[in-house]
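Chemist: The following block contains the structure, expressed as structure tokens.
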Amino acid sequence: MRVELDEPKCVASGQCVMASPEVFDQRDEDGIAFLLEEKVGDDLIASVEEAVAICPAAAIRLVQE
């Protein structure tokens, strides 16, 4: 599975980082999220799905490859 993050839509809430810190982090200067891992295995899918569900800006997608 591949994670897509639309950085311009990000509102820097940090919900994705709390849900899946192995996949997401935030820039220090503005709090905008960025990806640590673009491709995730089965072990991280549940946490990324949670991040998708709770993102207030709907800036995250999980895509089947």
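For the structure tokens, the naming scheme is as follows: chains receive sequential letters (A, B, ...) according to their order of presentation, residues are indexed from 1 within each chain, and ligands are indexed from 1 in presentation order.
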Report as a ChimeraX atom specification all protein, DNA and RNA residues lying within 10 Å of Asp6 of chain A, evaluated on only C-alpha atoms, omitting residues in the same chain fewer than 3 positions from it.
Modeler: /A:9-10,33-34,57-61
Chemist: If you run DSSP on this backbone, which residues of chain A come out as strand (DSSP E or B), and could you give them as a list in words?
Modeler: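 The strand (DSSP E or B) residues within chain A come out as Arg2, Val3, Glu4, Leu5, Phe24, Asp25, Gln26, Ala33, Phe34, Leu35, Lys39, Ile60, Arg61, Leu62 and Val63 of chain A.
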Chemist: Please list as a PyMOL selection string every residue within 9 Å of segment 20-28 of chain A, counting only C-alpha atoms and excluding residues in the same chain fewer than 2 positions away.
Modeler: chain A and resi 3+12+14-18+30-40+44+46-48+50-51
Chemist: If you run DSSP on the backbone, which residues of chain A are alpha helix (DSSP H), as a list in words?
Modeler: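 Taking chain A and keeping alpha helix (DSSP H) only, one gets Gln15, Cys16, Val17, Met18, Ala19, Asp42, Asp43, Leu44, Ile45, Ala46, Ser47, Val48, Glu49, Glu50, Ala51, Val52, Ala53 and Ile54 of chain A.
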Chemist: One decimal, Å: what's the distance from atom CA of Arg2 of chain A over to atom CA of Glu49 of chain A, could you say?
Modeler: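 It comes out at 11.5 Å.
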Chemist: Pick the closest to Leu5 of chain A from A:Ala53, A:Ile45, A:Ala19, A:Leu62: which is it, counting only C-alpha atoms?
Modeler: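 Among the listed residues, A:Leu62 lies closest to Leu5 of chain A.
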